[in-house]
>>> print(open('model_36.cif').read())   # mmCIF, C-alpha atoms
data_data
#
loop_
_atom_site.group_PDB
_atom_site.id
_atom_site.type_symbol
_atom_site.label_atom_id
_atom_site.label_comp_id
_atom_site.auth_asym_id
_atom_site.auth_seq_id
_atom_site.Cartn_x
_atom_site.Cartn_y
_atom_site.Cartn_z
ATOM 1 C CA MET A 1 -37.952 -35.222 11.036
ATOM 2 C CA ASN A 2 -39.578 -31.952 9.973
ATOM 3 C CA VAL A 3 -39.565 -29.285 12.668
ATOM 4 C CA ARG A 4 -41.017 -25.858 12.013
ATOM 5 C CA LEU A 5 -40.095 -22.986 14.263
ATOM 6 C CA LYS A 6 -41.783 -19.659 14.456
ATOM 7 C CA PRO A 7 -39.562 -16.758 13.220
ATOM 8 C CA GLU A 8 -39.156 -15.256 16.667
ATOM 9 C CA LYS A 9 -37.781 -18.569 17.921
ATOM 10 C CA TYR A 10 -35.150 -19.271 15.250
ATOM 11 C CA LEU A 11 -33.964 -15.691 14.727
ATOM 12 C CA ARG A 12 -32.225 -15.748 18.065
ATOM 13 C CA TYR A 13 -30.024 -18.585 16.801
ATOM 14 C CA LEU A 14 -28.847 -16.586 13.802
ATOM 15 C CA VAL A 15 -27.767 -13.234 15.256
ATOM 16 C CA PRO A 16 -27.498 -12.356 18.930
ATOM 17 C CA LEU A 17 -29.714 -9.296 19.185
ATOM 18 C CA ASN A 18 -27.549 -7.730 21.875
ATOM 19 C CA LEU A 19 -24.697 -7.646 19.354
ATOM 20 C CA PHE A 20 -26.244 -4.528 17.790
ATOM 21 C CA GLY A 21 -25.690 -2.652 21.014
ATOM 22 C CA THR A 22 -21.889 -2.941 20.896
ATOM 23 C CA LYS A 23 -19.792 0.088 20.000
ATOM 24 C CA ARG A 24 -17.909 -1.710 17.203
ATOM 25 C CA THR A 25 -21.124 -2.873 15.553
ATOM 26 C CA ARG A 26 -22.575 0.650 15.630
ATOM 27 C CA GLU A 27 -19.394 1.904 13.917
ATOM 28 C CA ILE A 28 -19.686 -0.740 11.200
ATOM 29 C CA LEU A 29 -23.384 -0.120 10.599
ATOM 30 C CA SER A 30 -22.845 3.633 10.367
ATOM 31 C CA GLN A 31 -20.417 3.233 7.433
ATOM 32 C CA ASN A 32 -21.587 3.447 3.837
ATOM 33 C CA PRO A 33 -19.760 0.581 2.047
ATOM 34 C CA THR A 34 -20.150 2.261 -1.345
ATOM 35 C CA ILE A 35 -18.076 5.292 -0.309
ATOM 36 C CA ILE A 36 -14.312 4.827 -0.083
ATOM 37 C CA PRO A 37 -12.957 7.163 2.611
ATOM 38 C CA LEU A 38 -10.107 9.437 1.561
ATOM 39 C CA GLY A 39 -7.166 9.999 3.859
ATOM 40 C CA GLU A 40 -6.126 13.432 5.054
ATOM 41 C CA ASP A 41 -3.081 15.059 3.476
ATOM 42 C CA SER A 42 0.161 14.421 5.317
ATOM 43 C CA LYS A 43 1.848 17.493 6.757
ATOM 44 C CA GLU A 44 5.262 16.333 5.573
ATOM 45 C CA ILE A 45 6.446 13.894 2.967
ATOM 46 C CA LYS A 46 9.759 12.180 2.362
ATOM 47 C CA ILE A 47 10.750 11.252 -1.180
ATOM 48 C CA THR A 48 13.610 8.822 -1.793
ATOM 49 C CA VAL A 49 14.690 7.747 -5.274
ATOM 50 C CA TYR A 50 16.827 4.694 -6.015
ATOM 51 C CA ASP A 51 17.963 4.772 -9.640
ATOM 52 C CA TYR A 52 20.109 1.797 -10.640
ATOM 53 C CA ASN A 53 21.323 -0.753 -13.119
ATOM 54 C CA ALA A 54 23.802 -3.634 -12.864
ATOM 55 C CA ASP A 55 26.802 -1.266 -12.804
ATOM 56 C CA SER A 56 25.757 1.669 -10.630
ATOM 57 C CA ILE A 57 23.191 3.077 -8.237
ATOM 58 C CA GLU A 58 22.184 6.637 -7.411
ATOM 59 C CA VAL A 59 20.225 7.487 -4.267
ATOM 60 C CA VAL A 60 18.472 10.868 -4.239
ATOM 61 C CA GLU A 61 16.530 12.570 -1.444
ATOM 62 C CA ALA A 62 14.074 14.725 -3.388
ATOM 63 C CA ALA A 63 12.442 17.812 -1.921
ATOM 64 C CA ASP A 64 9.619 17.858 -4.499
ATOM 65 C CA VAL A 65 7.929 15.205 -6.655
ATOM 66 C CA LYS A 66 8.864 17.141 -9.786
ATOM 67 C CA GLU A 67 12.496 16.216 -9.158
ATOM 68 C CA CYS A 68 11.478 12.622 -9.985
ATOM 69 C CA PHE A 69 10.435 13.484 -13.551
ATOM 70 C CA GLN A 70 13.979 13.237 -14.893
ATOM 71 C CA PHE A 71 14.202 9.521 -14.074
ATOM 72 C CA LEU A 72 11.371 8.475 -16.386
ATOM 73 C CA SER A 73 13.449 8.972 -19.546
ATOM 74 C CA ARG A 74 16.501 7.085 -18.272
ATOM 75 C CA GLN A 75 17.413 3.553 -19.349
ATOM 76 C CA THR A 76 17.729 2.456 -15.730
ATOM 77 C CA ILE A 77 15.385 1.011 -13.100
ATOM 78 C CA THR A 78 13.914 3.624 -10.763
ATOM 79 C CA TRP A 79 12.246 3.067 -7.401
ATOM 80 C CA ILE A 80 10.514 6.160 -6.022
ATOM 81 C CA ASN A 81 9.387 5.721 -2.416
ATOM 82 C CA ILE A 82 7.111 8.410 -0.978
ATOM 83 C CA ASP A 83 6.409 8.447 2.756
ATOM 84 C CA GLY A 84 3.316 10.504 3.483
ATOM 85 C CA ILE A 85 0.449 11.027 1.055
ATOM 86 C CA ARG A 86 -0.693 14.383 -0.290
ATOM 87 C CA LYS A 87 -3.332 14.650 -3.009
ATOM 88 C CA ALA A 88 -1.482 17.280 -5.034
ATOM 89 C CA ASP A 89 1.756 15.277 -5.032
ATOM 90 C CA VAL A 90 0.019 12.022 -5.982
ATOM 91 C CA GLU A 91 -1.733 13.718 -8.891
ATOM 92 C CA THR A 92 1.375 15.566 -10.120
ATOM 93 C CA LEU A 93 3.596 12.468 -10.117
ATOM 94 C CA SER A 94 0.883 10.166 -11.467
ATOM 95 C CA ASN A 95 -0.026 12.438 -14.346
ATOM 96 C CA TYR A 96 3.601 12.643 -15.469
ATOM 97 C CA PHE A 97 4.191 8.890 -15.161
ATOM 98 C CA GLY A 98 0.936 8.007 -16.929
ATOM 99 C CA ILE A 99 -0.830 6.525 -13.899
ATOM 100 C CA HIS A 100 -4.598 6.321 -14.434
ATOM 101 C CA PRO A 101 -6.931 8.537 -12.306
ATOM 102 C CA LEU A 102 -8.661 5.432 -10.904
ATOM 103 C CA ILE A 103 -5.329 4.245 -9.518
ATOM 104 C CA GLN A 104 -4.692 7.712 -8.118
ATOM 105 C CA GLU A 105 -8.003 7.512 -6.284
ATOM 106 C CA ASP A 106 -7.057 4.127 -4.809
ATOM 107 C CA ILE A 107 -3.709 5.490 -3.620
ATOM 108 C CA MET A 108 -5.412 8.287 -1.720
ATOM 109 C CA SER A 109 -8.170 6.097 -0.259
ATOM 110 C CA ILE A 110 -7.771 4.401 3.114
ATOM 111 C CA ASN A 111 -8.927 1.195 4.822
ATOM 112 C CA GLN A 112 -9.159 -0.788 1.601
ATOM 113 C CA ARG A 113 -8.788 -4.516 1.187
ATOM 114 C CA PRO A 114 -5.668 -5.789 -0.606
ATOM 115 C CA LYS A 115 -6.133 -5.670 -4.359
ATOM 116 C CA MET A 116 -4.335 -5.698 -7.678
ATOM 117 C CA ASP A 117 -5.330 -3.921 -10.903
ATOM 118 C CA GLU A 118 -3.835 -3.372 -14.347
ATOM 119 C CA ILE A 119 -4.757 -0.267 -16.325
ATOM 120 C CA ASP A 120 -2.963 1.020 -19.437
ATOM 121 C CA ASN A 121 0.063 -1.272 -18.921
ATOM 122 C CA ILE A 122 0.469 -0.017 -15.356
ATOM 123 C CA LEU A 123 0.190 -2.598 -12.575
ATOM 124 C CA PHE A 124 -1.182 -1.452 -9.227
ATOM 125 C CA CYS A 125 -0.846 -3.408 -5.977
ATOM 126 C CA LEU A 126 -2.396 -2.386 -2.664
ATOM 127 C CA LEU A 127 -1.443 -4.229 0.511
ATOM 128 C CA ASN A 128 -1.335 -3.741 4.250
ATOM 129 C CA MET A 129 1.937 -3.850 6.144
ATOM 130 C CA LEU A 130 1.409 -5.292 9.621
ATOM 131 C CA TYR A 131 3.298 -4.330 12.783
ATOM 132 C CA TYR A 132 3.055 -5.638 16.307
ATOM 133 C CA ASN A 133 2.836 -2.905 18.936
ATOM 134 C CA SER A 134 4.264 -4.519 22.073
ATOM 135 C CA GLN A 135 3.217 -1.588 24.288
ATOM 136 C CA LYS A 136 -0.443 -1.789 23.312
ATOM 137 C CA ASN A 137 -0.343 -5.534 22.603
ATOM 138 C CA THR A 138 -2.071 -4.967 19.257
ATOM 139 C CA VAL A 139 -1.406 -5.554 15.583
ATOM 140 C CA GLU A 140 -1.339 -2.300 13.616
ATOM 141 C CA GLN A 141 -1.523 -1.877 9.887
ATOM 142 C CA GLU A 142 -0.320 0.597 7.303
ATOM 143 C CA GLN A 143 -1.628 0.733 3.773
ATOM 144 C CA ILE A 144 0.981 0.699 1.020
ATOM 145 C CA SER A 145 0.362 1.312 -2.668
ATOM 146 C CA ILE A 146 2.827 0.029 -5.261
ATOM 147 C CA VAL A 147 2.696 1.107 -8.904
ATOM 148 C CA ILE A 148 4.862 -0.655 -11.481
ATOM 149 C CA GLY A 149 5.592 0.533 -14.998
ATOM 150 C CA LYS A 150 8.107 -0.518 -17.637
ATOM 151 C CA ASN A 151 11.235 0.768 -15.877
ATOM 152 C CA PHE A 152 9.917 2.169 -12.633
ATOM 153 C CA VAL A 153 8.244 1.322 -9.338
ATOM 154 C CA VAL A 154 6.526 3.983 -7.232
ATOM 155 C CA SER A 155 5.501 3.179 -3.660
ATOM 156 C CA PHE A 156 3.305 5.313 -1.420
ATOM 157 C CA GLN A 157 3.353 4.759 2.350
ATOM 158 C CA GLU A 158 1.302 6.414 5.066
ATOM 159 C CA ASP A 159 3.851 6.354 7.891
ATOM 160 C CA PRO A 160 7.433 7.545 7.283
ATOM 161 C CA SER A 161 8.689 6.150 10.596
ATOM 162 C CA ARG A 162 8.509 2.458 9.695
ATOM 163 C CA ASP A 163 8.483 0.003 6.819
ATOM 164 C CA VAL A 164 9.855 -3.454 5.976
ATOM 165 C CA PHE A 165 12.156 -2.498 3.112
ATOM 166 C CA ASN A 166 15.489 -1.984 4.902
ATOM 167 C CA SER A 167 16.876 -5.325 3.703
ATOM 168 C CA LEU A 168 15.882 -4.367 0.147
ATOM 169 C CA ARG A 169 17.782 -1.099 0.438
ATOM 170 C CA GLU A 170 20.876 -3.009 1.564
ATOM 171 C CA LYS A 171 20.629 -5.424 -1.378
ATOM 172 C CA LEU A 172 20.389 -2.525 -3.802
ATOM 173 C CA LYS A 173 23.818 -1.369 -2.640
ATOM 174 C CA LEU A 174 25.393 -4.683 -3.720
ATOM 175 C CA ALA A 175 26.461 -4.632 -7.364
ATOM 176 C CA ASN A 176 26.284 -8.418 -7.682
ATOM 177 C CA SER A 177 22.849 -8.801 -6.069
ATOM 178 C CA ARG A 178 20.107 -10.393 -8.137
ATOM 179 C CA ILE A 179 17.869 -7.372 -7.786
ATOM 180 C CA ARG A 180 20.473 -5.125 -9.434
ATOM 181 C CA GLN A 181 20.601 -7.481 -12.427
ATOM 182 C CA ALA A 182 16.819 -7.659 -12.868
ATOM 183 C CA GLY A 183 14.056 -5.279 -13.926
ATOM 184 C CA ALA A 184 11.249 -3.351 -12.270
ATOM 185 C CA ASP A 185 9.072 -6.467 -12.128
ATOM 186 C CA TYR A 186 11.562 -8.236 -9.871
ATOM 187 C CA LEU A 187 11.839 -5.151 -7.671
ATOM 188 C CA CYS A 188 8.045 -5.168 -7.217
ATOM 189 C CA TYR A 189 8.067 -8.916 -6.512
ATOM 190 C CA THR A 190 10.739 -8.436 -3.833
ATOM 191 C CA MET A 191 8.700 -5.702 -2.158
ATOM 192 C CA LEU A 192 5.565 -7.854 -2.070
ATOM 193 C CA ASP A 193 7.578 -10.780 -0.749
ATOM 194 C CA LEU A 194 9.023 -8.703 2.099
ATOM 195 C CA ILE A 195 5.581 -7.433 3.107
ATOM 196 C CA VAL A 196 4.111 -10.936 3.238
ATOM 197 C CA ASP A 197 7.165 -12.417 4.998
ATOM 198 C CA HIS A 198 6.803 -9.760 7.690
ATOM 199 C CA TYR A 199 3.342 -11.132 8.538
ATOM 200 C CA PHE A 200 5.016 -14.143 10.178
ATOM 201 C CA ILE A 201 6.844 -11.864 12.608
#
>>> encode(input="model_36.cif", output="structure tokens")
Amino acid sequence: MNVRLKPEKYLRYLVPLNLFGTKRTREILSQNPTIIPLGEDSKEIKITVYDYNADSIEVVEAADVKECFQFLSRQTITWINIDGIRKADVETLSNYFGIHPLIQEDIMSINQRPKMDEIDNILFCLLNMLYYNSQKNTVEQEQISIVIGKNFVVSFQEDPSRDVFNSLREKLKLANSRIRQAGADYLCYTMLDLIVDHYFI
């Protein structure tokens, strides 16, 4: 059976016209999808360095990103976790560790979809950590950027007050833990696994 409808009759089945009057829709339509919004610089940052191998571990609270430079030349595995994102700090650390400017731009951008890129033997992972806010009855998200090189992992988080890596920090203290025996790739895998596992909560 061949039924032909006039445009004004079938359009109403495709998109409810009153949808365009909602506040959320106006916000979406006002955004330019070709422009990636940049986040504002954090007022404070917290830098924690975990430098380890199978035999020992050193935990350092750094006051400046330049204090992390010394770990690049070591024959150990280094995890640099930075809570709070500031453009100058991202650029300074990235330039020293050989992280491409395109990755730097992704680190400083907000509201992106999860992605993974590889540039110049540096692997970049961007994910969202999810949290349930019981007071507001909402699911909140925080963007996290993870950069992995030969012997190092650098993670950038927006919010210093929460993350899902506490169990990882405890495992790093155990000399016989698998993560202490493995390389930077396994450290990155463990971080991704913790983020995804936390979605179930």
>>> atom_distance(input="model_36.cif", atom1="CA of Pro101 (chain A)", atom2="CA of Phe152 (chain A)")
18.0 Å
>>> residues_around(input="model_36.cif", residues="region 148-150 of chain A", least_positions_apart="2", cutoff="8 Å", atoms="all atoms listed in the file", output="ChimeraX atom specification")
/A:121-124,146,152-154,184-185,188
>>> write_last_selection(input="model_36.cif", atoms="C-alpha atoms", output="PDB file, keeping the file's coordinate frame")
ATOM      1  CA  ASN A 121       0.063  -1.272 -18.921  1.00  0.00           C
ATOM      2  CA  ILE A 122       0.469  -0.017 -15.356  1.00  0.00           C
ATOM      3  CA  LEU A 123       0.190  -2.598 -12.575  1.00  0.00           C
ATOM      4  CA  PHE A 124      -1.182  -1.452  -9.227  1.00  0.00           C
ATOM      5  CA  ILE A 146       2.827   0.029  -5.261  1.00  0.00           C
ATOM      6  CA  PHE A 152       9.917   2.169 -12.633  1.00  0.00           C
ATOM      7  CA  VAL A 153       8.244   1.322  -9.338  1.00  0.00           C
ATOM      8  CA  VAL A 154       6.526   3.983  -7.232  1.00  0.00           C
ATOM      9  CA  ALA A 184      11.249  -3.351 -12.270  1.00  0.00           C
ATOM     10  CA  ASP A 185       9.072  -6.467 -12.128  1.00  0.00           C
ATOM     11  CA  CYS A 188       8.045  -5.168  -7.217  1.00  0.00           C
TER      12      CYS A 188
END
>>> closest_residue(input="model_36.cif", among="A:Tyr52, A:Asn137, A:Phe165, A:Ile144", to="Lys115 (chain A)", atoms="all atoms listed in the file")
A:Ile144
>>> resolve_selection(input="model_36.cif", expression="the PyMOL selection byres ((chain A and resi 45-47) around 10)", output="list in words")
Asp41, Ser42, Lys43, Glu44, Thr48, Val49, Val60, Glu61, Ala62, Ala63, Asp64, Val65, Glu67, Cys68, Ile80, Asn81, Ile82, Asp83, Gly84, Ile85, Arg86, Asp89, Ser155, Phe156, Gln157, Glu158, Asp159 and Pro160 of chain A
>>> atom_distance(input="model_36.cif", atom1="CA of Gln143 (chain A)", atom2="CA of Tyr189 (chain A)")
17.1 Å
>>> closest_residue(input="model_36.cif", among="A:Ala54, A:Ser134, A:Asn176, A:Ser145", to="Ile103 (chain A)", atoms="only C-alpha atoms")
A:Ser145
>>> residues_around(input="model_36.cif", residues="Val196 (chain A)", least_positions_apart="6", cutoff="12 Å", atoms="only C-alpha atoms", output="list in words")
Pro114, Leu127, Asn128, Met129, Leu130, Tyr131, Val164, Phe165, Tyr189 and Thr190 of chain A
>>> write_last_selection(input="model_36.cif", atoms="C-alpha atoms", output="PDB file, in the coordinates of the input")
ATOM      1  CA  PRO A 114      -5.668  -5.789  -0.606  1.00  0.00           C
ATOM      2  CA  LEU A 127      -1.443  -4.229   0.511  1.00  0.00           C
ATOM      3  CA  ASN A 128      -1.335  -3.741   4.250  1.00  0.00           C
ATOM      4  CA  MET A 129       1.937  -3.850   6.144  1.00  0.00           C
ATOM      5  CA  LEU A 130       1.409  -5.292   9.621  1.00  0.00           C
ATOM      6  CA  TYR A 131       3.298  -4.330  12.783  1.00  0.00           C
ATOM      7  CA  VAL A 164       9.855  -3.454   5.976  1.00  0.00           C
ATOM      8  CA  PHE A 165      12.156  -2.498   3.112  1.00  0.00           C
ATOM      9  CA  TYR A 189       8.067  -8.916  -6.512  1.00  0.00           C
ATOM     10  CA  THR A 190      10.739  -8.436  -3.833  1.00  0.00           C
TER      11      THR A 190
END
>>> residues_around(input="model_36.cif", residues="Ser56 (chain A)", least_positions_apart="3", cutoff="9 Å", atoms="all atoms listed in the file", output="number ranges by chain")
A: 51-53, 173, 175, 180
>>> axis_aligned_box(input="model_36.cif", around="region 143-151 of chain A", padding_each_side="3 Å", output="JSON")
{"center_x": 4.8, "center_y": 0.3, "center_z": -6.9, "size_x": 18.9, "size_y": 8.0, "size_z": 27.4}
>>> atom_distance(input="model_36.cif", atom1="CA of Ile110 (chain A)", atom2="CA of Leu126 (chain A)")
10.4 Å
>>> closest_residue(input="model_36.cif", among="A:Tyr132, A:Glu142, A:Ser73, A:Phe97", to="Phe200 (chain A)", atoms="all atoms listed in the file")
A:Tyr132
>>> closest_residue(input="model_36.cif", among="A:Lys66, A:Val147, A:Arg169, A:Trp79", to="Gly98 (chain A)", atoms="only C-alpha atoms")
A:Val147
>>> closest_residue(input="model_36.cif", among="A:Ile107, A:Val59, A:Asp163, A:Ala182", to="His198 (chain A)", atoms="only C-alpha atoms")
A:Asp163
>>> closest_residue(input="model_36.cif", among="A:Ser109, A:Thr76, A:Gln135, A:Ser167", to="Val90 (chain A)", atoms="all atoms listed in the file")
A:Ser109
>>> decode(input="model_36.cif", residues="region 47-64 of chain A", atoms="N, CA, C and O atoms", output="PDB file, in the first residue's frame")
ATOM      1  N   ILE A  47      50.200  18.023  43.045  1.00  0.00           N
ATOM      2  CA  ILE A  47      51.028  17.127  42.234  1.00  0.00           C
ATOM      3  C   ILE A  47      51.590  16.021  43.129  1.00  0.00           C
ATOM      4  O   ILE A  47      52.290  16.297  44.101  1.00  0.00           O
ATOM      5  N   THR A  48      51.272  14.780  42.783  1.00  0.00           N
ATOM      6  CA  THR A  48      51.790  13.634  43.532  1.00  0.00           C
ATOM      7  C   THR A  48      52.535  12.724  42.573  1.00  0.00           C
ATOM      8  O   THR A  48      52.013  12.385  41.499  1.00  0.00           O
ATOM      9  N   VAL A  49      53.738  12.340  42.955  1.00  0.00           N
ATOM     10  CA  VAL A  49      54.575  11.472  42.114  1.00  0.00           C
ATOM     11  C   VAL A  49      54.812  10.152  42.833  1.00  0.00           C
ATOM     12  O   VAL A  49      55.214  10.133  44.004  1.00  0.00           O
ATOM     13  N   TYR A  50      54.547   9.052  42.129  1.00  0.00           N
ATOM     14  CA  TYR A  50      54.851   7.716  42.623  1.00  0.00           C
ATOM     15  C   TYR A  50      55.917   7.145  41.699  1.00  0.00           C
ATOM     16  O   TYR A  50      55.646   6.847  40.536  1.00  0.00           O
ATOM     17  N   ASP A  51      57.127   7.019  42.218  1.00  0.00           N
ATOM     18  CA  ASP A  51      58.255   6.508  41.444  1.00  0.00           C
ATOM     19  C   ASP A  51      58.661   5.163  42.045  1.00  0.00           C
ATOM     20  O   ASP A  51      59.015   5.096  43.225  1.00  0.00           O
ATOM     21  N   TYR A  52      58.607   4.098  41.229  1.00  0.00           N
ATOM     22  CA  TYR A  52      58.771   2.762  41.829  1.00  0.00           C
ATOM     23  C   TYR A  52      59.388   1.758  40.861  1.00  0.00           C
ATOM     24  O   TYR A  52      59.432   1.963  39.646  1.00  0.00           O
ATOM     25  N   ASN A  53      59.850   0.684  41.460  1.00  0.00           N
ATOM     26  CA  ASN A  53      60.210  -0.534  40.738  1.00  0.00           C
ATOM     27  C   ASN A  53      59.838  -1.708  41.648  1.00  0.00           C
ATOM     28  O   ASN A  53      59.140  -1.511  42.653  1.00  0.00           O
ATOM     29  N   ALA A  54      60.308  -2.899  41.341  1.00  0.00           N
ATOM     30  CA  ALA A  54      59.927  -4.069  42.129  1.00  0.00           C
ATOM     31  C   ALA A  54      60.461  -4.011  43.560  1.00  0.00           C
ATOM     32  O   ALA A  54      59.891  -4.601  44.473  1.00  0.00           O
ATOM     33  N   ASP A  55      61.552  -3.265  43.771  1.00  0.00           N
ATOM     34  CA  ASP A  55      62.223  -3.271  45.078  1.00  0.00           C
ATOM     35  C   ASP A  55      61.850  -2.096  45.972  1.00  0.00           C
ATOM     36  O   ASP A  55      61.900  -2.209  47.196  1.00  0.00           O
ATOM     37  N   SER A  56      61.487  -0.959  45.388  1.00  0.00           N
ATOM     38  CA  SER A  56      61.262   0.223  46.220  1.00  0.00           C
ATOM     39  C   SER A  56      60.230   1.149  45.587  1.00  0.00           C
ATOM     40  O   SER A  56      59.930   1.046  44.396  1.00  0.00           O
ATOM     41  N   ILE A  57      59.726   2.062  46.417  1.00  0.00           N
ATOM     42  CA  ILE A  57      58.802   3.080  45.930  1.00  0.00           C
ATOM     43  C   ILE A  57      59.082   4.387  46.654  1.00  0.00           C
ATOM     44  O   ILE A  57      59.390   4.402  47.853  1.00  0.00           O
ATOM     45  N   GLU A  58      58.998   5.475  45.909  1.00  0.00           N
ATOM     46  CA  GLU A  58      59.182   6.812  46.475  1.00  0.00           C
ATOM     47  C   GLU A  58      57.949   7.641  46.143  1.00  0.00           C
ATOM     48  O   GLU A  58      57.529   7.703  44.986  1.00  0.00           O
ATOM     49  N   VAL A  59      57.350   8.238  47.156  1.00  0.00           N
ATOM     50  CA  VAL A  59      56.173   9.083  46.957  1.00  0.00           C
ATOM     51  C   VAL A  59      56.583  10.521  47.253  1.00  0.00           C
ATOM     52  O   VAL A  59      57.094  10.819  48.333  1.00  0.00           O
ATOM     53  N   VAL A  60      56.342  11.416  46.292  1.00  0.00           N
ATOM     54  CA  VAL A  60      56.770  12.806  46.417  1.00  0.00           C
ATOM     55  C   VAL A  60      55.573  13.727  46.187  1.00  0.00           C
ATOM     56  O   VAL A  60      54.839  13.567  45.210  1.00  0.00           O
ATOM     57  N   GLU A  61      55.387  14.666  47.104  1.00  0.00           N
ATOM     58  CA  GLU A  61      54.398  15.739  46.917  1.00  0.00           C
ATOM     59  C   GLU A  61      55.160  16.934  46.348  1.00  0.00           C
ATOM     60  O   GLU A  61      55.921  17.587  47.056  1.00  0.00           O
ATOM     61  N   ALA A  62      54.965  17.194  45.068  1.00  0.00           N
ATOM     62  CA  ALA A  62      55.721  18.261  44.399  1.00  0.00           C
ATOM     63  C   ALA A  62      54.970  19.584  44.473  1.00  0.00           C
ATOM     64  O   ALA A  62      53.744  19.621  44.365  1.00  0.00           O
ATOM     65  N   ALA A  63      55.717  20.656  44.652  1.00  0.00           N
ATOM     66  CA  ALA A  63      55.114  21.986  44.711  1.00  0.00           C
ATOM     67  C   ALA A  63      55.032  22.619  43.327  1.00  0.00           C
ATOM     68  O   ALA A  63      54.244  23.534  43.112  1.00  0.00           O
ATOM     69  N   ASP A  64      55.842  22.114  42.371  1.00  0.00           N
ATOM     70  CA  ASP A  64      55.891  22.680  41.031  1.00  0.00           C
ATOM     71  C   ASP A  64      56.125  21.548  40.031  1.00  0.00           C
ATOM     72  O   ASP A  64      56.798  20.561  40.348  1.00  0.00           O
TER      73      ASP A  64
END
